[in-house]
Amino acid sequence: MSLFSTLSSTSNALGAQEYGLEVTGQNMANVNTPGYARRVVNLAETPSTDPLIAGGGVSVENVTAQRDALLEARLWHEQPSASEQGAIADNLSVVQTDIQGAGLDTQLNNFFDAFSALASDPTSQPARMQVASQGQALAQTFNGLSASLSSAQRDADSSVRSDVAQVNALAATLASINMSLSGATGAEADTLKDQQTNALESLSQLIDFSVIQHDDGSVDVSIGQSHALVIGANAYQLQAATTGPQGFASLMSGSTDITSEIGGGSIGGELRVRDTVLPGYEASLDQLAYDLSTSVNAAHQAGFDLNGNAGGAFFTPLAAPAGAAASLSVNPAILNDNSLIAAAGTATPGDNTAATAIANLRTTALASGATPLDAWGALVYRVGSDVQTAQQQQSSRGDVITQLQNLRDQTSGVSIDEEAASMIKFQRAYEANAQFFTTVNSSLTTLMTMVSTITQ
């Protein structure tokens, strides 16, 4: 009877070692699968129920996926900040290229140089034509810069809308996984949890969120100030509603506007660029255009044109700084008749006082307290500094994420070397048990032959 029991327990041991090889193969097959957590076979001794039998061999107790919930939560917490800074850096890099390539400093110098040339010969038609031409070129440069900033805002808004669609798709995926987990066990449940981890990691790149994990493996996800995104098998769509005079997207959770509550992920970075950073640049550019046009107009109106009449406005008057860069233009009357350019300080032809005064505005502080070139340089520096800061913070956050991923991989990641060692371990165990099975089977055959001989 003992040999029969030994044969049975050895057969079970063969099955256990074979199962270990299968799990090892599964691990090696998924070494590059995103979100996959390494599986470990847990073997348990099978106790004997008979004191005369050494033991019941071994059995597969369970298979566990190696996950560290704390490290995964830390990754979901850190990733939104890195993605936010990455989105800021990417969007502002385009703006930086546009601003550096605009050549506003060159246009400012050309404009003041034209008035300086006019001061040398106040009655010169070519000099007057050059003043009108450079004034128009300067205004168009301001117009183009304003258009570029507005375009960058629209691009950021478009990215927000695209990312919101991805958030909703991931929310639907998580809700579906939650539903499937409610009745799943074993390998099926572990596969679903791998998919869940992958979805949450993708979600963390788009938006910051909070997670509540349940005993069955399902998760509830909320965004902003505890607004539901996923509850059980239900996904609550995040809406990108077109609002405001500019038609930008406001993020709506149900009927609540949560735009101001989103501060992380690529969506948070895009919102910050769209609603805070770029409007700040536009305000500075508008202020420069307004102060410059106001100062030029004041000096121009204090002079006299070629006909001996009091000078009018050189630039079309602006009512306020807001929108000044987009609206700046040379007075159409001056473009049609350059004799209206006021170069003189008196009604006497040949005087150059007004032209000299406008040329000297190059080095004169505007209402903002800086010269035109210094004010422009400050804006260029500000954009460059913002890009550099975002890139540095992205790099810093990226280093933290890399460290966390390395720590997680030590637990959850598949190592080919470790799996190769496991494969050899299970292979040797299988071979040994197979040899033992052969020995016991041979002994049992001998015993059955002896019994058969005795009974004959």
# chains A, B, ... in the order shown; residues from 1 in each chain; ligands from 1
$ residues_around --residues "Gln136 (chain A)" --least-positions-apart "3" --cutoff "8 Å" --atoms "only C-alpha atoms" --output "number ranges by chain"
A: 132-133, 139-140, 329-330
$ select_by_dssp --residues "region 187-333 of chain A" --states "strand (DSSP E or B)" --output "ChimeraX atom specification"
/A:209-213,219-223,227-231,234-235,238-243,248-253,256-257,304,310,315,330
$ closest_residue --among "A:Ser150, A:Gly345, A:Ser253, A:Phe209" --to "Arg274 (chain A)" --atoms "only C-alpha atoms"
A:Ser150
$ select_by_dssp --residues "region 261-450 of chain A" --states "helix (DSSP H, G or I)" --output "PyMOL selection string"
chain A and resi 261+265-301+324-327+332-336+338-340+353-363+372-412+416-450
$ closest_atom_pairs --of "region 135-209 of chain A" --to "region 97-112 of chain A" --cutoff "7 Å" --atoms "only C-alpha atoms" --output "Markdown table"
| residue | atom | partner | partner_atom | distance |
| --- | --- | --- | --- | --- |
| A:Gly135 | CA | A:Phe111 | CA | 6.0 |
| A:Leu138 | CA | A:Gln107 | CA | 5.4 |
| A:Thr141 | CA | A:Leu104 | CA | 6.4 |
| A:Leu145 | CA | A:Ile99 | CA | 6.9 |
$ closest_atom_pairs --of "region 222-280 of chain A" --to "region 66-84 of chain A" --cutoff "12 Å" --atoms "only C-alpha atoms" --output "Markdown table"
| residue | atom | partner | partner_atom | distance |
| --- | --- | --- | --- | --- |
| A:Ile223 | CA | A:Pro80 | CA | 11.9 |
| A:Ile262 | CA | A:Pro80 | CA | 10.3 |
| A:Gly263 | CA | A:Glu84 | CA | 7.8 |
| A:Gly264 | CA | A:Pro80 | CA | 4.7 |
| A:Gly265 | CA | A:Pro80 | CA | 3.8 |
| A:Ser266 | CA | A:Glu84 | CA | 4.6 |
| A:Ile267 | CA | A:Glu84 | CA | 7.0 |
| A:Gly268 | CA | A:Glu84 | CA | 5.7 |
| A:Gly269 | CA | A:Glu84 | CA | 4.1 |
| A:Glu270 | CA | A:Glu84 | CA | 7.5 |
| A:Leu271 | CA | A:Glu84 | CA | 9.4 |
| A:Arg272 | CA | A:Glu84 | CA | 8.8 |
| A:Val273 | CA | A:Glu84 | CA | 10.0 |
$ write_last_selection --atoms "N, CA and C atoms" --output "short mmCIF file (atom, residue, chain, number, x, y, z; two decimals), in the first residue's frame"
data_model
loop_
_atom_site.label_atom_id
_atom_site.label_comp_id
_atom_site.auth_asym_id
_atom_site.auth_seq_id
_atom_site.Cartn_x
_atom_site.Cartn_y
_atom_site.Cartn_z
N ILE A 223 -10.90 62.39 -9.54
CA ILE A 223 -10.02 63.46 -10.01
C ILE A 223 -10.44 64.78 -9.38
N ILE A 262 -7.58 70.83 -11.70
CA ILE A 262 -6.65 69.92 -12.36
C ILE A 262 -5.28 70.57 -12.43
N GLY A 263 -4.30 69.98 -11.75
CA GLY A 263 -2.97 70.58 -11.71
C GLY A 263 -1.85 69.66 -12.13
N GLY A 264 -2.17 68.44 -12.51
CA GLY A 264 -1.12 67.48 -12.85
C GLY A 264 -1.40 66.79 -14.17
N GLY A 265 -0.42 66.01 -14.62
CA GLY A 265 -0.54 65.31 -15.88
C GLY A 265 -0.37 66.27 -17.05
N SER A 266 -0.39 65.72 -18.25
CA SER A 266 -0.23 66.58 -19.43
C SER A 266 -1.38 67.56 -19.53
N ILE A 267 -2.58 67.17 -19.06
CA ILE A 267 -3.72 68.09 -19.08
C ILE A 267 -3.45 69.29 -18.18
N GLY A 268 -2.93 69.04 -16.98
CA GLY A 268 -2.60 70.13 -16.07
C GLY A 268 -1.58 71.08 -16.67
N GLY A 269 -0.55 70.53 -17.34
CA GLY A 269 0.46 71.38 -17.97
C GLY A 269 -0.11 72.20 -19.11
N GLU A 270 -0.96 71.57 -19.91
CA GLU A 270 -1.56 72.28 -21.05
C GLU A 270 -2.50 73.38 -20.58
N LEU A 271 -3.25 73.11 -19.51
CA LEU A 271 -4.13 74.14 -18.96
C LEU A 271 -3.33 75.32 -18.41
N ARG A 272 -2.22 75.01 -17.76
CA ARG A 272 -1.38 76.08 -17.20
C ARG A 272 -0.80 76.94 -18.31
N VAL A 273 -0.34 76.31 -19.38
CA VAL A 273 0.20 77.06 -20.51
C VAL A 273 -0.89 77.92 -21.14
#
$ closest_residue --among "A:Ile231, A:Ala359, A:Val160, A:Leu174" --to "Ser250 (chain A)" --atoms "only C-alpha atoms"
A:Val160
$ atom_distance --atom1 "CA of Gln130 (chain A)" --atom2 "CA of Arg362 (chain A)"
17.1 Å
$ atom_distance --atom1 "CA of Ala187 (chain A)" --atom2 "CA of Asn42 (chain A)"
13.6 Å
$ closest_residue --among "A:Gln237, A:Ser222, A:Ser396, A:Ser116" --to "Arg128 (chain A)" --atoms "only C-alpha atoms"
A:Ser116
$ residues_around --residues "Tyr430 (chain A)" --least-positions-apart "4" --cutoff "8 Å" --atoms "only C-alpha atoms" --output "number ranges by chain"
A: 13-14, 17-18, 426, 434
$ atom_distance --atom1 "CA of Leu118 (chain A)" --atom2 "CA of Ala343 (chain A)"
7.2 Å
